[in-house]
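Novice: Okay, so here is protein.pdb, and as you'll see once you scroll down, it has PDB, C-alpha atoms and all ligand atoms.
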```
ATOM      1  CA  MET A  22     -13.182 -31.209  24.535  1.00  0.00           C
ATOM      2  CA  GLY A  23     -15.384 -30.604  21.512  1.00  0.00           C
ATOM      3  CA  SER A  24     -14.079 -27.047  21.309  1.00  0.00           C
ATOM      4  CA  TRP A  25     -10.518 -28.312  21.456  1.00  0.00           C
ATOM      5  CA  LEU A  26     -11.239 -30.749  18.607  1.00  0.00           C
ATOM      6  CA  VAL A  27     -12.518 -27.862  16.491  1.00  0.00           C
ATOM      7  CA  ALA A  28      -9.434 -25.856  17.456  1.00  0.00           C
ATOM      8  CA  ALA A  29      -7.122 -28.762  16.602  1.00  0.00           C
ATOM      9  CA  VAL A  30      -8.495 -28.814  13.067  1.00  0.00           C
ATOM     10  CA  ALA A  31      -8.985 -25.077  12.574  1.00  0.00           C
ATOM     11  CA  VAL A  32      -5.912 -23.303  13.962  1.00  0.00           C
ATOM     12  CA  LYS A  33      -2.251 -24.076  13.761  1.00  0.00           C
ATOM     13  CA  ASN A  34      -0.441 -23.275  16.992  1.00  0.00           C
ATOM     14  CA  PRO A  35      -0.920 -24.127  20.700  1.00  0.00           C
ATOM     15  CA  ARG A  36      -1.704 -20.578  21.789  1.00  0.00           C
ATOM     16  CA  ASP A  37      -4.474 -20.132  19.231  1.00  0.00           C
ATOM     17  CA  ARG A  38      -5.853 -23.603  19.964  1.00  0.00           C
ATOM     18  CA  ARG A  39      -6.077 -22.696  23.638  1.00  0.00           C
ATOM     19  CA  LEU A  40      -7.950 -19.458  22.833  1.00  0.00           C
ATOM     20  CA  VAL A  41     -10.448 -21.155  20.519  1.00  0.00           C
ATOM     21  CA  THR A  42     -11.015 -23.882  23.130  1.00  0.00           C
ATOM     22  CA  LEU A  43     -11.540 -21.252  25.807  1.00  0.00           C
ATOM     23  CA  ALA A  44     -14.279 -19.585  23.749  1.00  0.00           C
ATOM     24  CA  GLY A  45     -16.242 -22.821  23.981  1.00  0.00           C
ATOM     25  CA  ILE A  46     -15.919 -22.956  27.778  1.00  0.00           C
ATOM     26  CA  LEU A  47     -16.312 -19.291  28.706  1.00  0.00           C
ATOM     27  CA  PRO A  48     -20.107 -19.101  28.286  1.00  0.00           C
ATOM     28  CA  ASP A  49     -20.420 -21.031  31.544  1.00  0.00           C
ATOM     29  CA  ALA A  50     -18.445 -18.326  33.366  1.00  0.00           C
ATOM     30  CA  ASP A  51     -21.872 -16.845  34.109  1.00  0.00           C
ATOM     31  CA  GLY A  52     -22.470 -19.875  36.331  1.00  0.00           C
ATOM     32  CA  LEU A  53     -19.767 -18.687  38.731  1.00  0.00           C
ATOM     33  CA  GLY A  54     -22.476 -16.976  40.787  1.00  0.00           C
ATOM     34  CA  ILE A  55     -22.779 -20.406  42.399  1.00  0.00           C
ATOM     35  CA  VAL A  56     -19.456 -19.774  44.163  1.00  0.00           C
ATOM     36  CA  ALA A  57     -20.866 -16.564  45.696  1.00  0.00           C
ATOM     37  CA  ASP A  58     -24.017 -18.463  46.694  1.00  0.00           C
ATOM     38  CA  ILE A  59     -22.011 -21.137  48.489  1.00  0.00           C
ATOM     39  CA  PHE A  60     -19.810 -18.610  50.285  1.00  0.00           C
ATOM     40  CA  GLN A  61     -22.859 -16.608  51.363  1.00  0.00           C
ATOM     41  CA  ALA A  62     -24.468 -19.781  52.702  1.00  0.00           C
ATOM     42  CA  LEU A  63     -21.305 -20.742  54.571  1.00  0.00           C
ATOM     43  CA  ALA A  64     -20.967 -17.237  56.031  1.00  0.00           C
ATOM     44  CA  SER A  65     -24.603 -16.913  57.081  1.00  0.00           C
ATOM     45  CA  GLY A  66     -25.073 -20.545  58.152  1.00  0.00           C
ATOM     46  CA  ARG A  67     -28.317 -20.689  56.179  1.00  0.00           C
ATOM     47  CA  GLU A  68     -29.222 -22.935  53.311  1.00  0.00           C
ATOM     48  CA  THR A  69     -28.556 -21.348  49.906  1.00  0.00           C
ATOM     49  CA  SER A  70     -31.294 -20.681  47.373  1.00  0.00           C
ATOM     50  CA  PHE A  71     -28.665 -20.363  44.584  1.00  0.00           C
ATOM     51  CA  GLN A  72     -30.045 -16.918  43.752  1.00  0.00           C
ATOM     52  CA  ASN A  73     -26.878 -15.577  42.055  1.00  0.00           C
ATOM     53  CA  TYR A  74     -26.542 -18.744  40.026  1.00  0.00           C
ATOM     54  CA  ALA A  75     -30.175 -18.608  38.917  1.00  0.00           C
ATOM     55  CA  ARG A  76     -29.998 -14.902  38.127  1.00  0.00           C
ATOM     56  CA  PHE A  77     -26.903 -14.902  35.921  1.00  0.00           C
ATOM     57  CA  HIS A  78     -26.387 -18.406  34.593  1.00  0.00           C
ATOM     58  CA  HIS A  79     -27.397 -18.806  30.939  1.00  0.00           C
ATOM     59  CA  LEU A  80     -28.159 -15.087  30.804  1.00  0.00           C
ATOM     60  CA  TRP A  81     -24.925 -13.094  30.852  1.00  0.00           C
ATOM     61  CA  CYS A  82     -22.621 -15.155  28.702  1.00  0.00           C
ATOM     62  CA  HIS A  83     -24.957 -17.204  26.511  1.00  0.00           C
ATOM     63  CA  GLY A  84     -25.953 -14.551  23.954  1.00  0.00           C
ATOM     64  CA  TRP A  85     -24.502 -12.799  20.924  1.00  0.00           C
ATOM     65  CA  PRO A  86     -23.202  -9.798  22.968  1.00  0.00           C
ATOM     66  CA  ALA A  87     -20.930 -12.120  24.993  1.00  0.00           C
ATOM     67  CA  ALA A  88     -19.953 -13.975  21.808  1.00  0.00           C
ATOM     68  CA  LEU A  89     -18.658 -10.738  20.269  1.00  0.00           C
ATOM     69  CA  VAL A  90     -16.851  -9.635  23.454  1.00  0.00           C
ATOM     70  CA  PHE A  91     -15.153 -13.023  23.904  1.00  0.00           C
ATOM     71  CA  ALA A  92     -14.169 -13.254  20.224  1.00  0.00           C
ATOM     72  CA  VAL A  93     -12.609  -9.763  20.206  1.00  0.00           C
ATOM     73  CA  VAL A  94     -10.817 -10.159  23.555  1.00  0.00           C
ATOM     74  CA  LEU A  95      -9.503 -13.661  22.841  1.00  0.00           C
ATOM     75  CA  ALA A  96      -8.408 -12.692  19.324  1.00  0.00           C
ATOM     76  CA  GLY A  97      -6.384  -9.914  20.929  1.00  0.00           C
ATOM     77  CA  PHE A  98      -4.093 -12.587  22.399  1.00  0.00           C
ATOM     78  CA  ALA A  99      -3.901 -14.645  19.218  1.00  0.00           C
ATOM     79  CA  ARG A 100      -1.199 -15.145  16.594  1.00  0.00           C
ATOM     80  CA  GLN A 101      -3.737 -15.308  13.758  1.00  0.00           C
ATOM     81  CA  ARG A 102      -6.296 -12.792  14.984  1.00  0.00           C
ATOM     82  CA  TRP A 103      -9.016 -12.949  12.336  1.00  0.00           C
ATOM     83  CA  ARG A 104      -8.883 -16.690  12.116  1.00  0.00           C
ATOM     84  CA  VAL A 105      -9.067 -17.061  15.904  1.00  0.00           C
ATOM     85  CA  ALA A 106     -11.923 -14.531  16.199  1.00  0.00           C
ATOM     86  CA  LEU A 107     -13.924 -16.479  13.631  1.00  0.00           C
ATOM     87  CA  TRP A 108     -13.283 -19.880  15.213  1.00  0.00           C
ATOM     88  CA  CYS A 109     -14.014 -18.482  18.694  1.00  0.00           C
ATOM     89  CA  LEU A 110     -17.459 -17.563  17.388  1.00  0.00           C
ATOM     90  CA  VAL A 111     -17.836 -21.118  16.088  1.00  0.00           C
ATOM     91  CA  THR A 112     -16.903 -22.835  19.389  1.00  0.00           C
ATOM     92  CA  PHE A 113     -18.979 -20.340  21.381  1.00  0.00           C
ATOM     93  CA  HIS A 114     -22.025 -21.254  19.294  1.00  0.00           C
ATOM     94  CA  LEU A 115     -21.156 -24.946  19.519  1.00  0.00           C
ATOM     95  CA  HIS A 116     -21.501 -24.504  23.289  1.00  0.00           C
ATOM     96  CA  LEU A 117     -24.918 -22.870  22.808  1.00  0.00           C
ATOM     97  CA  LEU A 118     -25.988 -25.687  20.505  1.00  0.00           C
ATOM     98  CA  CYS A 119     -24.955 -28.307  23.080  1.00  0.00           C
ATOM     99  CA  ASP A 120     -26.860 -26.415  25.782  1.00  0.00           C
ATOM    100  CA  LEU A 121     -29.914 -26.178  23.549  1.00  0.00           C
ATOM    101  CA  LEU A 122     -29.869 -29.904  22.788  1.00  0.00           C
ATOM    102  CA  GLY A 123     -28.947 -31.462  26.081  1.00  0.00           C
ATOM    103  CA  SER A 124     -28.901 -29.374  29.250  1.00  0.00           C
ATOM    104  CA  ARG A 125     -32.325 -30.116  30.694  1.00  0.00           C
ATOM    105  CA  GLY A 126     -32.890 -30.626  34.432  1.00  0.00           C
ATOM    106  CA  PRO A 127     -34.395 -33.777  35.974  1.00  0.00           C
ATOM    107  CA  ALA A 128     -38.059 -33.042  35.122  1.00  0.00           C
ATOM    108  CA  PRO A 129     -39.358 -32.776  31.513  1.00  0.00           C
ATOM    109  CA  ALA A 130     -40.405 -29.188  32.217  1.00  0.00           C
ATOM    110  CA  ASP A 131     -36.906 -28.139  33.383  1.00  0.00           C
ATOM    111  CA  LEU A 132     -35.926 -26.863  29.937  1.00  0.00           C
ATOM    112  CA  TRP A 133     -32.966 -24.508  29.686  1.00  0.00           C
ATOM    113  CA  PRO A 134     -33.674 -21.856  27.079  1.00  0.00           C
ATOM    114  CA  ILE A 135     -31.015 -19.936  25.159  1.00  0.00           C
ATOM    115  CA  CYS A 136     -31.610 -16.217  25.692  1.00  0.00           C
ATOM    116  CA  TYR A 137     -29.599 -15.122  22.666  1.00  0.00           C
ATOM    117  CA  GLY A 138     -29.990 -11.361  23.112  1.00  0.00           C
ATOM    118  CA  GLU A 139     -29.148 -11.235  26.840  1.00  0.00           C
ATOM    119  CA  PRO A 140     -27.956  -9.283  28.695  1.00  0.00           C
ATOM    120  CA  LEU A 141     -28.805  -6.458  26.264  1.00  0.00           C
ATOM    121  CA  PHE A 142     -32.116  -7.689  24.862  1.00  0.00           C
ATOM    122  CA  HIS A 143     -34.765 -10.068  26.162  1.00  0.00           C
ATOM    123  CA  HIS A 144     -35.331 -11.563  22.705  1.00  0.00           C
ATOM    124  CA  PRO A 145     -34.934 -13.925  20.989  1.00  0.00           C
ATOM    125  CA  ILE A 146     -35.371 -16.852  23.385  1.00  0.00           C
ATOM    126  CA  TRP A 147     -34.898 -20.338  21.996  1.00  0.00           C
ATOM    127  CA  PHE A 148     -35.713 -23.665  23.488  1.00  0.00           C
ATOM    128  CA  TRP A 149     -36.189 -27.157  22.195  1.00  0.00           C
ATOM    129  CA  LYS A 150     -38.971 -29.175  23.763  1.00  0.00           C
ATOM    130  CA  HIS A 151     -37.136 -32.474  23.181  1.00  0.00           C
ATOM    131  CA  GLN A 152     -34.067 -31.216  25.042  1.00  0.00           C
ATOM    132  CA  TRP A 153     -32.444 -34.159  26.822  1.00  0.00           C
ATOM    133  CA  ARG A 154     -31.097 -34.256  30.359  1.00  0.00           C
ATOM    134  CA  LEU A 155     -27.666 -32.887  31.182  1.00  0.00           C
ATOM    135  CA  ASP A 156     -26.793 -36.276  32.687  1.00  0.00           C
ATOM    136  CA  GLY A 157     -28.635 -38.186  29.922  1.00  0.00           C
ATOM    137  CA  TRP A 158     -27.196 -41.096  27.930  1.00  0.00           C
ATOM    138  CA  GLN A 159     -27.021 -38.898  24.826  1.00  0.00           C
ATOM    139  CA  ASN A 160     -24.407 -36.695  26.472  1.00  0.00           C
ATOM    140  CA  MET A 161     -22.485 -39.780  27.625  1.00  0.00           C
ATOM    141  CA  VAL A 162     -22.409 -41.138  24.063  1.00  0.00           C
ATOM    142  CA  ILE A 163     -21.322 -37.766  22.659  1.00  0.00           C
ATOM    143  CA  PHE A 164     -18.619 -37.540  25.310  1.00  0.00           C
ATOM    144  CA  LEU A 165     -17.266 -40.999  24.490  1.00  0.00           C
ATOM    145  CA  VAL A 166     -17.206 -40.269  20.741  1.00  0.00           C
ATOM    146  CA  VAL A 167     -15.531 -36.879  21.200  1.00  0.00           C
ATOM    147  CA  PHE A 168     -13.052 -38.369  23.694  1.00  0.00           C
ATOM    148  CA  ALA A 169     -12.126 -41.166  21.273  1.00  0.00           C
ATOM    149  CA  LEU A 170     -11.652 -38.646  18.446  1.00  0.00           C
ATOM    150  CA  ALA A 171      -9.510 -36.463  20.710  1.00  0.00           C
ATOM    151  CA  ILE A 172      -7.297 -39.426  21.631  1.00  0.00           C
ATOM    152  CA  GLY A 173      -6.993 -40.276  17.933  1.00  0.00           C
ATOM    153  CA  VAL A 174      -5.866 -36.718  17.144  1.00  0.00           C
ATOM    154  CA  ALA A 175      -3.394 -36.823  20.043  1.00  0.00           C
ATOM    155  CA  LEU A 176      -1.832 -40.075  18.813  1.00  0.00           C
ATOM    156  CA  ARG A 177      -1.591 -38.914  15.232  1.00  0.00           C
ATOM    157  CA  ARG A 178      -0.512 -35.304  15.683  1.00  0.00           C
ATOM    158  CA  GLY A 179       1.409 -35.370  18.957  1.00  0.00           C
ATOM    159  CA  PHE A 180      -0.618 -32.914  21.024  1.00  0.00           C
ATOM    160  CA  SER A 181      -3.808 -33.304  23.057  1.00  0.00           C
ATOM    161  CA  PHE A 182      -6.483 -31.358  24.952  1.00  0.00           C
ATOM    162  CA  VAL A 183      -4.163 -31.420  27.997  1.00  0.00           C
ATOM    163  CA  GLU A 184      -2.228 -28.598  26.263  1.00  0.00           C
ATOM    164  CA  VAL A 185      -5.067 -26.256  27.264  1.00  0.00           C
ATOM    165  CA  PHE A 186      -3.844 -26.577  30.877  1.00  0.00           C
ATOM    166  CA  SER A 187      -0.144 -27.292  30.496  1.00  0.00           C
ATOM    167  CA  ARG A 188       2.058 -28.024  27.495  1.00  0.00           C
ATOM    168  CA  ARG A 189       4.539 -29.897  29.662  1.00  0.00           C
ATOM    169  CA  ALA A 190       1.819 -32.173  31.054  1.00  0.00           C
ATOM    170  CA  ASP A 191       0.574 -32.597  27.494  1.00  0.00           C
ATOM    171  CA  ALA A 192       3.955 -33.859  26.291  1.00  0.00           C
ATOM    172  CA  VAL A 193       3.927 -36.491  29.077  1.00  0.00           C
ATOM    173  CA  PHE A 194       0.309 -37.434  28.328  1.00  0.00           C
ATOM    174  CA  VAL A 195       0.961 -37.944  24.604  1.00  0.00           C
ATOM    175  CA  ARG A 196       4.151 -39.918  25.292  1.00  0.00           C
ATOM    176  CA  VAL A 197       2.248 -42.270  27.642  1.00  0.00           C
ATOM    177  CA  LEU A 198      -0.581 -42.657  25.097  1.00  0.00           C
ATOM    178  CA  ARG A 199       1.895 -43.594  22.387  1.00  0.00           C
ATOM    179  CA  GLN A 200       3.640 -46.074  24.680  1.00  0.00           C
ATOM    180  CA  TRP A 201       0.292 -47.724  25.418  1.00  0.00           C
ATOM    181  CA  ARG A 202      -0.476 -47.909  21.722  1.00  0.00           C
ATOM    182  CA  THR A 203       2.883 -49.540  21.059  1.00  0.00           C
ATOM    183  CA  ARG A 204       2.312 -52.072  23.834  1.00  0.00           C
ATOM    184  CA  LEU A 205      -1.223 -52.819  22.666  1.00  0.00           C
ATOM    185  CA  SER A 206      -0.047 -53.342  19.112  1.00  0.00           C
ATOM    186  CA  GLY A 207       2.718 -55.638  20.393  1.00  0.00           C
ATOM    187  CA  GLY A 208       5.553 -53.513  19.039  1.00  0.00           C
ATOM    188  CA  ASN A 209       8.567 -52.376  20.999  1.00  0.00           C
ATOM    189  CA  GLU A 210       8.254 -49.318  23.158  1.00  0.00           C
ATOM    190  CA  SER A 211      10.985 -47.155  21.709  1.00  0.00           C
ATOM    191  CA  ARG A 212       9.452 -47.292  18.239  1.00  0.00           C
ATOM    192  CA  GLY A 213       6.198 -45.673  19.356  1.00  0.00           C
ATOM    193  CA  ALA A 214       7.661 -42.568  21.008  1.00  0.00           C
TER
HETATM  194 ZN    ZN A 301     -23.625 -23.223  28.930  1.00  0.00          ZN
END
```
Would you put the structure from the file into structure tokens?
Ligand SMILES: [Zn+2]

Specialist:
Amino acid sequence: MGSWLVAAVAVKNPRDRRLVTLAGILPDADGLGIVADIFQALASGRETSFQNYARFHHLWCHGWPAALVFAVVLAGFARQRWRVALWCLVTFHLHLLCDLLGSRGPAPADLWPICYGEPLFHHPIWFWKHQWRLDGWQNMVIFLVVFALAIGVALRRGFSFVEVFSRRADAVFVRVLRQWRTRLSGGNESRGA
């Protein structure tokens, strides 16, 4: 949702907004090894050790090589290519920043580092020793703030983060939001649409 907010401010059409948003989500594609782990466990009947997840997650798509590949590929689908490439790099790195700040596991030692050169180079590796938990209150607060901002943008500009999935669903979502706003403000419904 943070990536979509950046996209909503930075680029001017739904297709480009979707691409810039995607660049902020794609780093976690390297976590899809978890699907293979689960299928292997189901097939073998044994408990999974999440080996594919552990081997690839935060390594394959969380470095500058993936940032460049994603930016070039996504820009290839864009209306404003240079602009989208640049903003894809921004949302990609916003994802890394969020991971660096708040993606720790349950124990204080479960820090998630950012291996910025992977999978080509083993260096540099960054971590922050005050990294907070993935399910920590800090992430909840950030989510609520970003969500409120996103709703504000949707009400004002007539499109929302739902457009990333479906523009038709987005039109319905924004219409309902505006109807609620009209009701809450005590006005009549037709005026708010
Ligand atoms: Zn990540």

Novice: Could you list the protein, DNA and RNA residues that have any atom within 10 Å of ligand ZN 301 (chain A), counting all atoms listed in the file, and write them as a list in words?

Specialist: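 Every residue with an atom at most 10 Å from ligand ZN 301 (chain A) is listed here: Gly45, Ile46, Leu47, Pro48, Asp49, Ala50, Asp51, Gly52, His78, His79, Leu80, Cys82, His83, Phe113, His114, Leu115, His116, Leu117, Leu118, Cys119, Asp120, Leu121, Ser124, Trp133 and Ile135 of chain A.
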
Novice: Written as a PyMOL selection string, which residues does the PyMOL selection byres (((chain A and resi 157-166) around 12) and not hetatm) give for the file shown?

Specialist: chain A and resi 22-23+26+119-120+122-128+152-156+167-173

Novice: Go ahead and save the picked residues with C-alpha atoms, as a PDB file, in the frame of the given file.

Specialist:
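That gives us part.pdb:
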```
ATOM      1  CA  MET A  22     -13.182 -31.209  24.535  1.00  0.00           C
ATOM      2  CA  GLY A  23     -15.384 -30.604  21.512  1.00  0.00           C
ATOM      3  CA  LEU A  26     -11.239 -30.749  18.607  1.00  0.00           C
ATOM      4  CA  CYS A 119     -24.955 -28.307  23.080  1.00  0.00           C
ATOM      5  CA  ASP A 120     -26.860 -26.415  25.782  1.00  0.00           C
ATOM      6  CA  LEU A 122     -29.869 -29.904  22.788  1.00  0.00           C
ATOM      7  CA  GLY A 123     -28.947 -31.462  26.081  1.00  0.00           C
ATOM      8  CA  SER A 124     -28.901 -29.374  29.250  1.00  0.00           C
ATOM      9  CA  ARG A 125     -32.325 -30.116  30.694  1.00  0.00           C
ATOM     10  CA  GLY A 126     -32.890 -30.626  34.432  1.00  0.00           C
ATOM     11  CA  PRO A 127     -34.395 -33.777  35.974  1.00  0.00           C
ATOM     12  CA  ALA A 128     -38.059 -33.042  35.122  1.00  0.00           C
ATOM     13  CA  GLN A 152     -34.067 -31.216  25.042  1.00  0.00           C
ATOM     14  CA  TRP A 153     -32.444 -34.159  26.822  1.00  0.00           C
ATOM     15  CA  ARG A 154     -31.097 -34.256  30.359  1.00  0.00           C
ATOM     16  CA  LEU A 155     -27.666 -32.887  31.182  1.00  0.00           C
ATOM     17  CA  ASP A 156     -26.793 -36.276  32.687  1.00  0.00           C
ATOM     18  CA  VAL A 167     -15.531 -36.879  21.200  1.00  0.00           C
ATOM     19  CA  PHE A 168     -13.052 -38.369  23.694  1.00  0.00           C
ATOM     20  CA  ALA A 169     -12.126 -41.166  21.273  1.00  0.00           C
ATOM     21  CA  LEU A 170     -11.652 -38.646  18.446  1.00  0.00           C
ATOM     22  CA  ALA A 171      -9.510 -36.463  20.710  1.00  0.00           C
ATOM     23  CA  ILE A 172      -7.297 -39.426  21.631  1.00  0.00           C
ATOM     24  CA  GLY A 173      -6.993 -40.276  17.933  1.00  0.00           C
TER      25      GLY A 173
END
```

Novice: Find the residues around region 189-196 of chain A up to 10 Å (all atoms listed in the file counted), leave out those fewer than 6 positions away in its own chain, and share them as a list in words.

Specialist: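 My reading of the contact set: Ile172, Ala175, Leu176, Arg177, Arg178, Gly179, Phe180, Ser181, Phe182, Val183, Arg202, Gly213 and Ala214 of chain A.
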
Novice: Can you pull out every residue within 12 Å of Lys33 (chain A), counting only C-alpha atoms, but drop anything in the same chain fewer than 6 positions away, and send it as a list in words?

Specialist: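 Near Lys33 (chain A), the qualifying residues are Val27, Arg39, Leu40, Val41, Ala99, Arg100, Gln101, Arg104, Val105, Trp108, Arg178 and Phe180 of chain A.
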
Novice: Give me, please, the distance in Å between CA of Phe77 (chain A) and CA of Gly54 (chain A), quoted to one decimal.

Specialist: 6.9 Å

Novice: Between CA of Val90 (chain A) and CA of Pro140 (chain A), what is the spacing in Å?

Specialist: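 Going from CA of Pro140 (chain A) over to CA of Val90 (chain A), I get 12.3 Å.
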
Novice: Have a look at CA of Phe186 (chain A) and CA of Val32 (chain A) and let me know their distance in Å, one decimal.

Specialist: 17.4 Å

Novice: Adding 5 Å on each side of the box along x, y and z that holds all listed atoms of region 98-105 of chain A, could you give its centre and edge lengths in Å to one decimal, as lines of an AutoDock Vina configuration file?

Specialist:
```
center_x = -5.1
center_y = -14.8
center_z = 17.3
size_x = 17.9
size_y = 14.5
size_z = 20.3
```

Novice: Go ahead and find all residues with at least one atom no further than 9 Å from (-32.0, -15.4, 48.7) in the file's coordinates, using only C-alpha atoms; report them as a PDB file with C-alpha atoms, keeping the file's coordinate frame.

Specialist:
```
ATOM      1  CA  ASP A  58     -24.017 -18.463  46.694  1.00  0.00           C
ATOM      2  CA  THR A  69     -28.556 -21.348  49.906  1.00  0.00           C
ATOM      3  CA  SER A  70     -31.294 -20.681  47.373  1.00  0.00           C
ATOM      4  CA  PHE A  71     -28.665 -20.363  44.584  1.00  0.00           C
ATOM      5  CA  GLN A  72     -30.045 -16.918  43.752  1.00  0.00           C
ATOM      6  CA  ASN A  73     -26.878 -15.577  42.055  1.00  0.00           C
TER       7      ASN A  73
END
```

Novice: Extract, using only C-alpha atoms, all DNA, RNA and protein residues at most 7 Å from Gly138 (chain A), discarding same-chain residues fewer than 4 positions from it, and format them as an mmCIF file with C-alpha atoms, in the coordinates of the input.

Specialist:
```
data_model
loop_
_atom_site.group_PDB
_atom_site.id
_atom_site.type_symbol
_atom_site.label_atom_id
_atom_site.label_comp_id
_atom_site.auth_asym_id
_atom_site.auth_seq_id
_atom_site.Cartn_x
_atom_site.Cartn_y
_atom_site.Cartn_z
ATOM 1 C CA GLY A 84 -25.953 -14.551 23.954
ATOM 2 C CA TRP A 85 -24.502 -12.799 20.924
ATOM 3 C CA PRO A 86 -23.202 -9.798 22.968
ATOM 4 C CA PHE A 142 -32.116 -7.689 24.862
ATOM 5 C CA HIS A 143 -34.765 -10.068 26.162
ATOM 6 C CA HIS A 144 -35.331 -11.563 22.705
ATOM 7 C CA PRO A 145 -34.934 -13.925 20.989
#
```

Novice: Looking at A:Ile146, A:Val197, A:Ala87, A:Cys109, which one is nearest to Arg38 (chain A), with distances taken over all atoms listed in the file?

Specialist: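 Of A:Ile146, A:Val197, A:Ala87, A:Cys109, the one nearest Arg38 (chain A) is A:Cys109, counting all atoms listed in the file.
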
Novice: Select, from A:Leu141, A:Cys136, A:Leu53, A:Ala106, the residue with the minimum atom-to-atom distance to Phe91 (chain A), counting all atoms listed in the file.

Specialist: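 Checking each of A:Leu141, A:Cys136, A:Leu53, A:Ala106 against Phe91 (chain A), counting all atoms listed in the file, the winner is A:Ala106.
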
Novice: Which is closest to Leu110 (chain A) among A:Thr42, A:Asn34, A:Thr203, A:Gln61, if we use all atoms listed in the file?

Specialist: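 Among the listed residues, the smallest separation from Leu110 (chain A) belongs to A:Thr42.
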